[in-house]
Structure formats: structure tokens, C-alpha cells
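Trainee: So I've got this file, final_34.pdb, and it contains PDB, C-alpha atoms:
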```pdb
ATOM      1  CA  MET A 664      -2.629 -19.998  -3.891  1.00  0.00           C
ATOM      2  CA  SER A 665      -1.706 -22.326  -1.083  1.00  0.00           C
ATOM      3  CA  HIS A 666      -3.239 -25.160  -3.119  1.00  0.00           C
ATOM      4  CA  ILE A 667      -0.274 -25.141  -5.524  1.00  0.00           C
ATOM      5  CA  ASP A 668       1.921 -28.153  -4.878  1.00  0.00           C
ATOM      6  CA  PHE A 669       5.688 -28.414  -5.214  1.00  0.00           C
ATOM      7  CA  GLU A 670       5.660 -29.936  -8.708  1.00  0.00           C
ATOM      8  CA  THR A 671       3.329 -27.237 -10.038  1.00  0.00           C
ATOM      9  CA  THR A 672       5.507 -24.556  -8.480  1.00  0.00           C
ATOM     10  CA  LEU A 673       8.519 -25.986 -10.273  1.00  0.00           C
ATOM     11  CA  ALA A 674       6.633 -25.896 -13.568  1.00  0.00           C
ATOM     12  CA  ILE A 675       5.316 -22.340 -13.347  1.00  0.00           C
ATOM     13  CA  CYS A 676       8.537 -20.708 -12.102  1.00  0.00           C
ATOM     14  CA  LYS A 677      10.297 -20.026 -15.393  1.00  0.00           C
ATOM     15  CA  ASN A 678      13.304 -18.524 -13.629  1.00  0.00           C
ATOM     16  CA  ALA A 679      15.120 -20.705 -11.097  1.00  0.00           C
ATOM     17  CA  ARG A 680      15.717 -17.664  -8.867  1.00  0.00           C
ATOM     18  CA  ASP A 681      11.958 -17.241  -8.475  1.00  0.00           C
ATOM     19  CA  LEU A 682      11.518 -20.706  -6.989  1.00  0.00           C
ATOM     20  CA  PRO A 683      12.656 -20.060  -3.374  1.00  0.00           C
ATOM     21  CA  VAL A 684      10.529 -16.907  -3.201  1.00  0.00           C
ATOM     22  CA  ALA A 685       7.503 -18.782  -4.517  1.00  0.00           C
ATOM     23  CA  LEU A 686       7.956 -21.683  -2.124  1.00  0.00           C
ATOM     24  CA  ALA A 687       8.293 -19.314   0.823  1.00  0.00           C
ATOM     25  CA  TYR A 688       5.329 -17.072   0.033  1.00  0.00           C
ATOM     26  CA  ILE A 689       2.735 -19.256  -1.685  1.00  0.00           C
ATOM     27  CA  PRO A 690       1.510 -20.784   1.609  1.00  0.00           C
ATOM     28  CA  LEU A 691       0.952 -17.263   2.977  1.00  0.00           C
ATOM     29  CA  VAL A 692      -1.170 -15.917   0.128  1.00  0.00           C
ATOM     30  CA  SER A 693      -4.772 -15.329   1.168  1.00  0.00           C
ATOM     31  CA  ALA A 694      -5.807 -12.591  -1.264  1.00  0.00           C
ATOM     32  CA  GLN A 695      -4.594 -10.941  -4.438  1.00  0.00           C
ATOM     33  CA  LEU A 696      -4.672  -7.705  -6.396  1.00  0.00           C
ATOM     34  CA  VAL A 697      -6.004  -8.008  -9.951  1.00  0.00           C
ATOM     35  CA  VAL A 698      -4.085  -5.669 -12.257  1.00  0.00           C
ATOM     36  CA  GLN A 699      -5.599  -4.890 -15.671  1.00  0.00           C
ATOM     37  CA  GLY A 700      -4.933  -2.325 -18.352  1.00  0.00           C
ATOM     38  CA  ASP A 701      -6.267  -1.471 -21.819  1.00  0.00           C
ATOM     39  CA  THR A 702      -2.824  -2.060 -23.332  1.00  0.00           C
ATOM     40  CA  PRO A 703       0.224  -4.123 -22.329  1.00  0.00           C
ATOM     41  CA  GLU A 704       2.002  -0.875 -21.515  1.00  0.00           C
ATOM     42  CA  ASP A 705      -0.793   0.186 -19.171  1.00  0.00           C
ATOM     43  CA  THR A 706      -0.778  -3.211 -17.486  1.00  0.00           C
ATOM     44  CA  VAL A 707       2.968  -2.996 -16.873  1.00  0.00           C
ATOM     45  CA  LYS A 708       2.583   0.495 -15.408  1.00  0.00           C
ATOM     46  CA  PHE A 709      -0.295  -0.533 -13.152  1.00  0.00           C
ATOM     47  CA  ALA A 710       1.540  -3.665 -12.027  1.00  0.00           C
ATOM     48  CA  TRP A 711       4.556  -1.578 -11.068  1.00  0.00           C
ATOM     49  CA  ASN A 712       2.387   0.866  -9.124  1.00  0.00           C
ATOM     50  CA  ALA A 713       0.608  -1.999  -7.374  1.00  0.00           C
ATOM     51  CA  ALA A 714       3.578  -2.235  -5.012  1.00  0.00           C
ATOM     52  CA  TRP A 715       2.526   1.138  -3.584  1.00  0.00           C
ATOM     53  CA  GLU A 716      -1.047  -0.124  -3.305  1.00  0.00           C
ATOM     54  CA  ALA A 717       0.220  -3.036  -1.220  1.00  0.00           C
ATOM     55  CA  LEU A 718       2.263  -0.732   0.996  1.00  0.00           C
ATOM     56  CA  LEU A 719      -0.711   1.571   1.440  1.00  0.00           C
ATOM     57  CA  LEU A 720      -3.070  -1.229   2.497  1.00  0.00           C
ATOM     58  CA  SER A 721      -0.431  -2.489   4.908  1.00  0.00           C
ATOM     59  CA  ALA A 722      -0.140   0.995   6.426  1.00  0.00           C
ATOM     60  CA  LEU A 723      -3.878   1.665   6.604  1.00  0.00           C
ATOM     61  CA  PHE A 724      -4.683  -1.569   8.402  1.00  0.00           C
ATOM     62  CA  ASN A 725      -1.418  -1.995  10.337  1.00  0.00           C
ATOM     63  CA  CYS A 726      -0.816  -5.460   8.937  1.00  0.00           C
ATOM     64  CA  GLU A 727       1.527  -7.236   6.552  1.00  0.00           C
ATOM     65  CA  VAL A 728       0.659  -7.095   2.842  1.00  0.00           C
ATOM     66  CA  GLY A 729       3.275  -8.822   0.723  1.00  0.00           C
ATOM     67  CA  PHE A 730       3.965  -8.159  -2.951  1.00  0.00           C
ATOM     68  CA  ASN A 731       6.691 -10.647  -3.824  1.00  0.00           C
ATOM     69  CA  LEU A 732       4.840 -12.611  -6.516  1.00  0.00           C
ATOM     70  CA  GLN A 733       3.059 -12.016  -9.819  1.00  0.00           C
ATOM     71  CA  SER A 734       1.214 -14.566 -11.929  1.00  0.00           C
ATOM     72  CA  ASP A 735      -0.516 -14.492 -15.299  1.00  0.00           C
ATOM     73  CA  GLU A 736      -3.690 -16.048 -13.918  1.00  0.00           C
ATOM     74  CA  SER A 737      -5.816 -15.749 -10.819  1.00  0.00           C
ATOM     75  CA  ALA A 738      -4.654 -17.601  -7.755  1.00  0.00           C
ATOM     76  CA  SER A 739      -7.531 -20.057  -7.945  1.00  0.00           C
ATOM     77  CA  SER A 740      -6.909 -21.064 -11.563  1.00  0.00           C
ATOM     78  CA  ILE A 741      -3.142 -21.017 -12.028  1.00  0.00           C
ATOM     79  CA  GLY A 742      -1.691 -24.375 -12.988  1.00  0.00           C
ATOM     80  CA  ALA A 743       1.352 -25.965 -14.573  1.00  0.00           C
ATOM     81  CA  SER A 744       0.764 -24.095 -17.850  1.00  0.00           C
ATOM     82  CA  GLY A 745       0.768 -20.717 -16.126  1.00  0.00           C
ATOM     83  CA  GLU A 746       3.650 -18.479 -15.147  1.00  0.00           C
ATOM     84  CA  LEU A 747       4.684 -17.257 -11.719  1.00  0.00           C
ATOM     85  CA  ARG A 748       7.529 -14.873 -11.046  1.00  0.00           C
ATOM     86  CA  ALA A 749       9.064 -12.987  -8.164  1.00  0.00           C
ATOM     87  CA  THR A 750       8.772  -9.208  -8.203  1.00  0.00           C
ATOM     88  CA  ASN A 751      11.621  -8.862  -5.725  1.00  0.00           C
ATOM     89  CA  PHE A 752      13.960 -11.158  -3.860  1.00  0.00           C
ATOM     90  CA  TYR A 753      13.905  -9.536  -0.441  1.00  0.00           C
ATOM     91  CA  MET A 754      12.460 -11.997   2.049  1.00  0.00           C
ATOM     92  CA  ARG A 755      10.564  -9.274   3.830  1.00  0.00           C
ATOM     93  CA  GLY A 756       7.064  -9.589   5.112  1.00  0.00           C
ATOM     94  CA  LEU A 757       7.584 -13.278   5.853  1.00  0.00           C
ATOM     95  CA  VAL A 758       5.458 -13.509   8.980  1.00  0.00           C
ATOM     96  CA  ASN A 759       3.455 -16.141  10.806  1.00  0.00           C
ATOM     97  CA  SER A 760       0.576 -13.891  11.822  1.00  0.00           C
ATOM     98  CA  GLU A 761      -2.957 -14.565  10.622  1.00  0.00           C
ATOM     99  CA  PRO A 762      -4.141 -12.572   7.582  1.00  0.00           C
ATOM    100  CA  TYR A 763      -6.044  -9.385   8.297  1.00  0.00           C
ATOM    101  CA  GLU A 764      -9.702  -9.747   7.338  1.00  0.00           C
ATOM    102  CA  LEU A 765     -11.402  -6.626   6.031  1.00  0.00           C
ATOM    103  CA  THR A 766     -14.644  -5.766   7.789  1.00  0.00           C
ATOM    104  CA  ASP A 767     -17.682  -4.187   6.172  1.00  0.00           C
ATOM    105  CA  GLY A 768     -16.617  -0.972   7.872  1.00  0.00           C
ATOM    106  CA  ASP A 769     -13.140  -1.221   6.327  1.00  0.00           C
ATOM    107  CA  ARG A 770     -14.567  -1.702   2.849  1.00  0.00           C
ATOM    108  CA  SER A 771     -16.991   1.168   3.306  1.00  0.00           C
ATOM    109  CA  TRP A 772     -14.156   3.435   4.478  1.00  0.00           C
ATOM    110  CA  LEU A 773     -12.016   2.512   1.451  1.00  0.00           C
ATOM    111  CA  GLU A 774     -14.884   3.238  -0.932  1.00  0.00           C
ATOM    112  CA  ARG A 775     -15.333   6.684   0.596  1.00  0.00           C
ATOM    113  CA  HIS A 776     -11.714   7.771   0.906  1.00  0.00           C
ATOM    114  CA  TYR A 777      -9.399   5.758  -1.345  1.00  0.00           C
ATOM    115  CA  ASP A 778      -9.754   7.987  -4.415  1.00  0.00           C
ATOM    116  CA  CYS A 779      -7.572  10.720  -2.898  1.00  0.00           C
ATOM    117  CA  PHE A 780      -4.577   8.365  -2.683  1.00  0.00           C
ATOM    118  CA  SER A 781      -2.969   9.659  -5.900  1.00  0.00           C
ATOM    119  CA  ASP A 782      -3.234  13.276  -4.759  1.00  0.00           C
ATOM    120  CA  LEU A 783      -1.707  12.531  -1.365  1.00  0.00           C
ATOM    121  CA  MET A 784       1.126  10.520  -2.907  1.00  0.00           C
ATOM    122  CA  VAL A 785       2.403  13.625  -4.671  1.00  0.00           C
ATOM    123  CA  ASP A 786       3.800  14.771  -1.314  1.00  0.00           C
ATOM    124  CA  GLU A 787       7.078  13.074  -0.370  1.00  0.00           C
ATOM    125  CA  ARG A 788       6.225  13.364   3.325  1.00  0.00           C
ATOM    126  CA  PHE A 789       3.140  11.220   2.818  1.00  0.00           C
ATOM    127  CA  ARG A 790       5.031   8.648   0.739  1.00  0.00           C
ATOM    128  CA  SER A 791       7.654   8.402   3.462  1.00  0.00           C
ATOM    129  CA  ALA A 792       5.022   7.994   6.170  1.00  0.00           C
ATOM    130  CA  ILE A 793       3.332   5.200   4.213  1.00  0.00           C
ATOM    131  CA  HIS A 794       6.629   3.416   3.696  1.00  0.00           C
ATOM    132  CA  CYS A 795       7.625   3.728   7.353  1.00  0.00           C
ATOM    133  CA  MET A 796       4.283   2.409   8.544  1.00  0.00           C
ATOM    134  CA  ALA A 797       4.270  -0.487   6.095  1.00  0.00           C
ATOM    135  CA  THR A 798       7.863  -1.596   6.615  1.00  0.00           C
ATOM    136  CA  TYR A 799       8.695  -1.208  10.302  1.00  0.00           C
ATOM    137  CA  ARG A 800       7.975  -4.923  10.855  1.00  0.00           C
ATOM    138  CA  TRP A 801      10.762  -5.820   8.461  1.00  0.00           C
ATOM    139  CA  HIS A 802      13.225  -5.003  11.245  1.00  0.00           C
ATOM    140  CA  SER A 803      13.655  -7.390  14.142  1.00  0.00           C
ATOM    141  CA  LEU A 804      14.966  -4.944  16.755  1.00  0.00           C
ATOM    142  CA  PRO A 805      12.425  -2.737  18.586  1.00  0.00           C
ATOM    143  CA  ARG A 806      14.869   0.188  18.644  1.00  0.00           C
ATOM    144  CA  ILE A 807      15.040   0.146  14.843  1.00  0.00           C
ATOM    145  CA  GLN A 808      11.282  -0.251  14.570  1.00  0.00           C
ATOM    146  CA  LEU A 809      10.812   2.862  16.683  1.00  0.00           C
ATOM    147  CA  ALA A 810      13.324   4.787  14.594  1.00  0.00           C
ATOM    148  CA  VAL A 811      11.454   3.875  11.413  1.00  0.00           C
ATOM    149  CA  LEU A 812       8.004   4.692  12.796  1.00  0.00           C
ATOM    150  CA  TRP A 813       9.080   8.039  14.206  1.00  0.00           C
ATOM    151  CA  ALA A 814      10.810   8.959  10.961  1.00  0.00           C
ATOM    152  CA  GLY A 815       7.337   8.771   9.446  1.00  0.00           C
ATOM    153  CA  ILE A 816       5.697  10.732  12.269  1.00  0.00           C
ATOM    154  CA  GLU A 817       8.333  13.449  12.426  1.00  0.00           C
ATOM    155  CA  GLY A 818       8.582  13.726   8.670  1.00  0.00           C
ATOM    156  CA  ILE A 819       4.889  14.213   8.008  1.00  0.00           C
ATOM    157  CA  PHE A 820       4.618  17.085  10.516  1.00  0.00           C
ATOM    158  CA  GLY A 821       7.903  18.765   9.633  1.00  0.00           C
ATOM    159  CA  ALA A 822       8.695  20.129  13.097  1.00  0.00           C
ATOM    160  CA  SER A 823      12.276  21.418  13.071  1.00  0.00           C
ATOM    161  CA  SER A 824      12.592  22.881  16.582  1.00  0.00           C
ATOM    162  CA  GLU A 825      11.203  22.031  20.004  1.00  0.00           C
ATOM    163  CA  ILE A 826      10.454  18.736  18.336  1.00  0.00           C
ATOM    164  CA  ARG A 827       9.005  16.827  21.308  1.00  0.00           C
ATOM    165  CA  PHE A 828       6.588  19.621  22.211  1.00  0.00           C
ATOM    166  CA  ARG A 829       5.625  20.469  18.642  1.00  0.00           C
ATOM    167  CA  LEU A 830       5.034  16.869  17.556  1.00  0.00           C
ATOM    168  CA  ALA A 831       2.755  16.296  20.531  1.00  0.00           C
ATOM    169  CA  LEU A 832       0.907  19.542  19.847  1.00  0.00           C
ATOM    170  CA  TYR A 833       0.585  19.001  16.096  1.00  0.00           C
ATOM    171  CA  ALA A 834      -0.538  15.374  16.437  1.00  0.00           C
ATOM    172  CA  ALA A 835      -3.175  16.302  19.005  1.00  0.00           C
ATOM    173  CA  ARG A 836      -4.547  19.199  16.979  1.00  0.00           C
ATOM    174  CA  PHE A 837      -4.458  17.322  13.667  1.00  0.00           C
ATOM    175  CA  LEU A 838      -6.159  14.180  14.977  1.00  0.00           C
ATOM    176  CA  TYR A 839      -8.713  15.804  17.274  1.00  0.00           C
ATOM    177  CA  PRO A 840      -9.447  19.379  16.192  1.00  0.00           C
ATOM    178  CA  ASP A 841     -12.892  19.341  17.820  1.00  0.00           C
ATOM    179  CA  ASN A 842     -12.313  17.202  20.917  1.00  0.00           C
ATOM    180  CA  GLU A 843     -10.451  18.956  23.716  1.00  0.00           C
ATOM    181  CA  SER A 844     -10.239  15.963  26.052  1.00  0.00           C
ATOM    182  CA  GLU A 845      -8.757  13.753  23.315  1.00  0.00           C
ATOM    183  CA  ARG A 846      -6.313  16.507  22.370  1.00  0.00           C
ATOM    184  CA  LYS A 847      -5.025  16.751  25.931  1.00  0.00           C
ATOM    185  CA  LEU A 848      -4.689  12.971  26.227  1.00  0.00           C
ATOM    186  CA  THR A 849      -2.928  12.685  22.868  1.00  0.00           C
ATOM    187  CA  PHE A 850      -0.596  15.569  23.700  1.00  0.00           C
ATOM    188  CA  SER A 851       0.502  13.813  26.904  1.00  0.00           C
ATOM    189  CA  ASN A 852       0.816  10.366  25.309  1.00  0.00           C
ATOM    190  CA  VAL A 853       2.855  11.554  22.333  1.00  0.00           C
ATOM    191  CA  LYS A 854       5.391  13.241  24.616  1.00  0.00           C
ATOM    192  CA  LYS A 855       5.800   9.999  26.583  1.00  0.00           C
ATOM    193  CA  LEU A 856       6.201   7.962  23.401  1.00  0.00           C
ATOM    194  CA  TYR A 857       8.759  10.415  22.070  1.00  0.00           C
ATOM    195  CA  ASP A 858      10.808  10.107  25.263  1.00  0.00           C
ATOM    196  CA  VAL A 859      11.103   6.351  24.716  1.00  0.00           C
ATOM    197  CA  ARG A 860      11.838   6.890  21.036  1.00  0.00           C
ATOM    198  CA  SER A 861      14.709   9.253  21.912  1.00  0.00           C
ATOM    199  CA  ALA A 862      16.169   6.794  24.410  1.00  0.00           C
ATOM    200  CA  ALA A 863      15.886   4.003  21.856  1.00  0.00           C
ATOM    201  CA  VAL A 864      17.571   5.735  18.928  1.00  0.00           C
ATOM    202  CA  HIS A 865      20.348   7.213  21.093  1.00  0.00           C
ATOM    203  CA  GLY A 866      21.239   3.882  22.668  1.00  0.00           C
ATOM    204  CA  SER A 867      20.118   4.756  26.183  1.00  0.00           C
ATOM    205  CA  LYS A 868      18.896   2.139  28.605  1.00  0.00           C
ATOM    206  CA  LEU A 869      15.198   1.491  28.137  1.00  0.00           C
ATOM    207  CA  LYS A 870      13.066   1.220  31.249  1.00  0.00           C
ATOM    208  CA  ASN A 871       9.658   0.807  29.654  1.00  0.00           C
ATOM    209  CA  ASN A 872       8.193  -2.108  27.734  1.00  0.00           C
ATOM    210  CA  VAL A 873       9.588  -1.317  24.291  1.00  0.00           C
ATOM    211  CA  SER A 874       7.180  -3.642  22.494  1.00  0.00           C
ATOM    212  CA  GLU A 875       4.243  -1.680  23.882  1.00  0.00           C
ATOM    213  CA  THR A 876       5.861   1.577  22.756  1.00  0.00           C
ATOM    214  CA  VAL A 877       6.349   0.160  19.267  1.00  0.00           C
ATOM    215  CA  ALA A 878       2.684  -0.858  19.118  1.00  0.00           C
ATOM    216  CA  SER A 879       1.524   2.537  20.401  1.00  0.00           C
ATOM    217  CA  SER A 880       3.792   4.409  17.977  1.00  0.00           C
ATOM    218  CA  ALA A 881       2.491   2.311  15.075  1.00  0.00           C
ATOM    219  CA  ALA A 882      -1.082   3.031  16.127  1.00  0.00           C
ATOM    220  CA  LEU A 883      -0.280   6.763  16.227  1.00  0.00           C
ATOM    221  CA  LEU A 884       1.209   6.826  12.734  1.00  0.00           C
ATOM    222  CA  GLN A 885      -1.699   4.731  11.445  1.00  0.00           C
ATOM    223  CA  LYS A 886      -4.182   7.274  12.849  1.00  0.00           C
ATOM    224  CA  ILE A 887      -2.261  10.122  11.222  1.00  0.00           C
ATOM    225  CA  ILE A 888      -2.308   8.412   7.814  1.00  0.00           C
ATOM    226  CA  ILE A 889      -6.021   7.634   8.093  1.00  0.00           C
ATOM    227  CA  ARG A 890      -6.708  11.243   9.092  1.00  0.00           C
ATOM    228  CA  CYS A 891      -4.844  12.428   5.985  1.00  0.00           C
ATOM    229  CA  PHE A 892      -7.279  10.441   3.871  1.00  0.00           C
ATOM    230  CA  GLU A 893     -10.306  11.714   5.729  1.00  0.00           C
ATOM    231  CA  VAL A 894      -9.347  15.384   5.359  1.00  0.00           C
ATOM    232  CA  GLN A 895      -7.675  14.764   1.972  1.00  0.00           C
ATOM    233  CA  ALA A 896      -4.599  16.716   3.027  1.00  0.00           C
ATOM    234  CA  ILE A 897      -1.183  16.440   4.657  1.00  0.00           C
ATOM    235  CA  PRO A 898      -0.729  18.216   8.017  1.00  0.00           C
ATOM    236  CA  ASP A 899       0.046  21.907   7.541  1.00  0.00           C
ATOM    237  CA  GLU A 900       2.387  23.111  10.286  1.00  0.00           C
ATOM    238  CA  LYS A 901       1.193  26.713   9.914  1.00  0.00           C
ATOM    239  CA  GLN A 902      -2.406  25.708  10.574  1.00  0.00           C
ATOM    240  CA  LEU A 903      -1.489  23.564  13.589  1.00  0.00           C
ATOM    241  CA  VAL A 904       0.266  26.340  15.512  1.00  0.00           C
ATOM    242  CA  PRO A 905      -2.148  27.823  18.107  1.00  0.00           C
TER     243      PRO A 905
END
```
Output the file's structure as C-alpha cells, nothing else.

Mentor:
Amino acid sequence: MSHIDFETTLAICKNARDLPVALAYIPLVSAQLVVQGDTPEDTVKFAWNAAWEALLLSALFNCEVGFNLQSDESASSIGASGELRATNFYMRGLVNSEPYELTDGDRSWLERHYDCFSDLMVDERFRSAIHCMATYRWHSLPRIQLAVLWAGIEGIFGASSEIRFRLALYAARFLYPDNESERKLTFSNVKKLYDVRSAAVHGSKLKNNVSETVASSAALLQKIIIRCFEVQAIPDEKQLVP
């Protein structure tokens, strides 16, 4: 959609409030979701749910997937006679990073595992984890990013006591049930990450490189979400206790 010039944008934005959103996001669009239904009612429902699809893809691939615009035509064919509107007016996801390019392996993985998305979304813990993973970049402060990411990690495991120990144990056993060396490494790493997380959210002085901790925490939550798809289930605390 980056081919659309200023005059065309003016013509296709029927609501003046949509114009600043369109001008900000059109240059960033590199792909689109096509939403179709058998009836107008179905199309509206699917278009509404597409926001969750965008959040899910953002979480799965640890990248930014925006969903601020809808049009009545494909990006390559929309012109002055078309219509473009903003789905929300929050200027989130406005980043300068290069678009994530799906690999053949990514596409193959999605074909194998994506169908269980609806079943997983029934669980509020999974929905929260997806939202945390997809939105942590919307905050500029690393301390807040860590708080958001660990809300997703803690929430999906449900540990209510001895949290540091249990989260490390549960993450290790959930991610690597058949690999003892990886379990031990993950157990140690999660405890270290949680120590930085605790210092960050409680306002303590941070000694470590917080940006690295944010990246490592995001990678951890991403692995947990991917594992949920692969086993088609949310972590069960009872099964993760030795």
C-alpha cells in the first residue's frame, strides 16, 4: 500500500479522523490479511476477530504486526474510488524495523499447527499471554516491557507460591520434557531472568543490561506460546510438578 500517494489517501479516507492514521501507517504496510465471509454479517465478525489474528502472528514471530487500517479492496488495487478507514486510533506498533519475512519453515509450521488457535483461545491465560507478547513493544521503558512480558509468563503457568522456583521448574519441564540438559539450562536461566524482572518492577537499581533481559524474556514467552500450539494445550501445573 505504500504506493498510495497523498491525494489518493485524502480521497479514500471518508472520515477525517482516519487520515492521520492512514498517513502514518500506509508506508509501513508490507502485507495484508484478506477477510471474507458468506454474508455481510460473517465478514464483519471475521474482520473483528482479525485483530486477534494479527496479535497472534506478532506473538508467534516476535515481530510487529499492525492492524490499524481496513480497506474495501486489496492493497495493490485500491484507488481514489475505494474506501480506507482506521480500525483504531492508538498509534501503537509504529516502528522503524524491517518487516518480518516468513520462511518456508514458518509457513509449514503454521499449516501444521494453526488450526488449534480457536481451542487455545478459550483459555484466558493463553489470551493474556498472546496479548503480552504482542504488545510489550508498545511501551518505551524496559521496566514496563519486562512487567508486561512476565505477566504473560506468570499468568500462563499459574504459580501462586515459591514463584521464582516454580516458574523456572515449570518452564523447563514444559519446554523440554525429554531433554535433561536443556531443562537444567532453562531452569537456571529463568531464575536469573526473574531476578532482573523483580528488580525492574519493584524499582530497584538494575545492574544487568536490561535490553538483553527484555529480549531473553520475550524469547522465553515466545517459546512457551509456540509449545502450546505444538502440544495443543496450555501448561497444566499439576502435570509439571515432579

Trainee: Written as a PDB file with C-alpha atoms, in the coordinates of the input, which residues does the PyMOL selection byres ((chain A and resi 736) around 12) give for the file shown?

Mentor:
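out_30.pdb, freshly written:
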```pdb
ATOM      1  CA  MET A 664      -2.629 -19.998  -3.891  1.00  0.00           C
ATOM      2  CA  ILE A 675       5.316 -22.340 -13.347  1.00  0.00           C
ATOM      3  CA  GLN A 695      -4.594 -10.941  -4.438  1.00  0.00           C
ATOM      4  CA  LEU A 696      -4.672  -7.705  -6.396  1.00  0.00           C
ATOM      5  CA  VAL A 697      -6.004  -8.008  -9.951  1.00  0.00           C
ATOM      6  CA  VAL A 698      -4.085  -5.669 -12.257  1.00  0.00           C
ATOM      7  CA  GLN A 699      -5.599  -4.890 -15.671  1.00  0.00           C
ATOM      8  CA  LEU A 732       4.840 -12.611  -6.516  1.00  0.00           C
ATOM      9  CA  GLN A 733       3.059 -12.016  -9.819  1.00  0.00           C
ATOM     10  CA  SER A 734       1.214 -14.566 -11.929  1.00  0.00           C
ATOM     11  CA  ASP A 735      -0.516 -14.492 -15.299  1.00  0.00           C
ATOM     12  CA  SER A 737      -5.816 -15.749 -10.819  1.00  0.00           C
ATOM     13  CA  ALA A 738      -4.654 -17.601  -7.755  1.00  0.00           C
ATOM     14  CA  SER A 739      -7.531 -20.057  -7.945  1.00  0.00           C
ATOM     15  CA  SER A 740      -6.909 -21.064 -11.563  1.00  0.00           C
ATOM     16  CA  ILE A 741      -3.142 -21.017 -12.028  1.00  0.00           C
ATOM     17  CA  GLY A 742      -1.691 -24.375 -12.988  1.00  0.00           C
ATOM     18  CA  ALA A 743       1.352 -25.965 -14.573  1.00  0.00           C
ATOM     19  CA  SER A 744       0.764 -24.095 -17.850  1.00  0.00           C
ATOM     20  CA  GLY A 745       0.768 -20.717 -16.126  1.00  0.00           C
ATOM     21  CA  GLU A 746       3.650 -18.479 -15.147  1.00  0.00           C
ATOM     22  CA  LEU A 747       4.684 -17.257 -11.719  1.00  0.00           C
ATOM     23  CA  ARG A 748       7.529 -14.873 -11.046  1.00  0.00           C
TER      24      ARG A 748
END
```

Trainee: Please determine, counting all atoms listed in the file, which residue among A:Ile887, A:Leu691, A:Glu817, A:Leu856 has the shortest atom-to-atom distance to A:Ile667.

Mentor: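 For A:Ile667, the nearest of the given residues is A:Leu691.
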
Trainee: Find the residues near stretch 829-845 of chain A: any atom within 6 Å, counting only C-alpha atoms, skip ones fewer than 6 places away on the same chain, and give them as a PDB file with C-alpha atoms, keeping the file's coordinate frame.

Mentor:
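Okay, this is what ended up in result.pdb:
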```pdb
ATOM      1  CA  VAL A 853       2.855  11.554  22.333  1.00  0.00           C
ATOM      2  CA  LYS A 854       5.391  13.241  24.616  1.00  0.00           C
ATOM      3  CA  LEU A 903      -1.489  23.564  13.589  1.00  0.00           C
TER       4      LEU A 903
END
```

Trainee: Which is closer to A:Ile816 than all the others in A:Leu883, A:Asp769, A:Pro690, A:His776, using only C-alpha atoms?

Mentor: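 So, comparing all the options, the nearest one is A:Leu883.
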
Trainee: Find, counting only C-alpha atoms, the residue in A:Ala694, A:Val684, A:Leu723, A:Ala710 that gets nearest to A:Tyr777.

Mentor: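 Nearest candidate to A:Tyr777 out of A:Ala694, A:Val684, A:Leu723, A:Ala710: A:Leu723.
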
Trainee: Would you mind putting N, CA and C atoms back on stretch 862-875 of chain A and writing the result as a JSON list (two decimals), keeping the file's coordinate frame?

Mentor:
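Saved file out-v9.json follows:
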```json
[["chain", "number", "residue", "atom", "x", "y", "z"],
["A", 862, "ALA", "N", 15.28, 7.71, 23.70],
["A", 862, "ALA", "CA", 16.17, 6.79, 24.41],
["A", 862, "ALA", "C", 16.57, 5.63, 23.51],
["A", 863, "ALA", "N", 15.62, 5.16, 22.71],
["A", 863, "ALA", "CA", 15.89, 4.00, 21.86],
["A", 863, "ALA", "C", 16.90, 4.32, 20.76],
["A", 864, "VAL", "N", 16.70, 5.44, 20.07],
["A", 864, "VAL", "CA", 17.57, 5.74, 18.93],
["A", 864, "VAL", "C", 18.94, 6.24, 19.37],
["A", 865, "HIS", "N", 19.06, 6.73, 20.60],
["A", 865, "HIS", "CA", 20.35, 7.21, 21.09],
["A", 865, "HIS", "C", 21.09, 6.18, 21.93],
["A", 866, "GLY", "N", 20.54, 4.97, 21.99],
["A", 866, "GLY", "CA", 21.24, 3.88, 22.67],
["A", 866, "GLY", "C", 21.15, 3.90, 24.17],
["A", 867, "SER", "N", 20.26, 4.70, 24.73],
["A", 867, "SER", "CA", 20.12, 4.76, 26.18],
["A", 867, "SER", "C", 19.42, 3.51, 26.71],
["A", 868, "LYS", "N", 19.56, 3.28, 27.98],
["A", 868, "LYS", "CA", 18.90, 2.14, 28.60],
["A", 868, "LYS", "C", 17.40, 2.38, 28.61],
["A", 869, "LEU", "N", 16.64, 1.36, 28.23],
["A", 869, "LEU", "CA", 15.20, 1.49, 28.14],
["A", 869, "LEU", "C", 14.54, 0.88, 29.37],
["A", 870, "LYS", "N", 13.73, 1.68, 30.04],
["A", 870, "LYS", "CA", 13.07, 1.22, 31.25],
["A", 870, "LYS", "C", 11.68, 0.66, 30.95],
["A", 871, "ASN", "N", 11.03, 1.21, 29.94],
["A", 871, "ASN", "CA", 9.66, 0.81, 29.65],
["A", 871, "ASN", "C", 9.61, -0.45, 28.80],
["A", 872, "ASN", "N", 8.42, -0.98, 28.63],
["A", 872, "ASN", "CA", 8.19, -2.11, 27.73],
["A", 872, "ASN", "C", 8.27, -1.58, 26.30],
["A", 873, "VAL", "N", 9.36, -1.89, 25.61],
["A", 873, "VAL", "CA", 9.59, -1.32, 24.29],
["A", 873, "VAL", "C", 8.56, -1.83, 23.28],
["A", 874, "SER", "N", 8.16, -3.08, 23.43],
["A", 874, "SER", "CA", 7.18, -3.64, 22.49],
["A", 874, "SER", "C", 5.87, -2.86, 22.55],
["A", 875, "GLU", "N", 5.47, -2.47, 23.74],
["A", 875, "GLU", "CA", 4.24, -1.68, 23.88],
["A", 875, "GLU", "C", 4.41, -0.31, 23.24]]
```
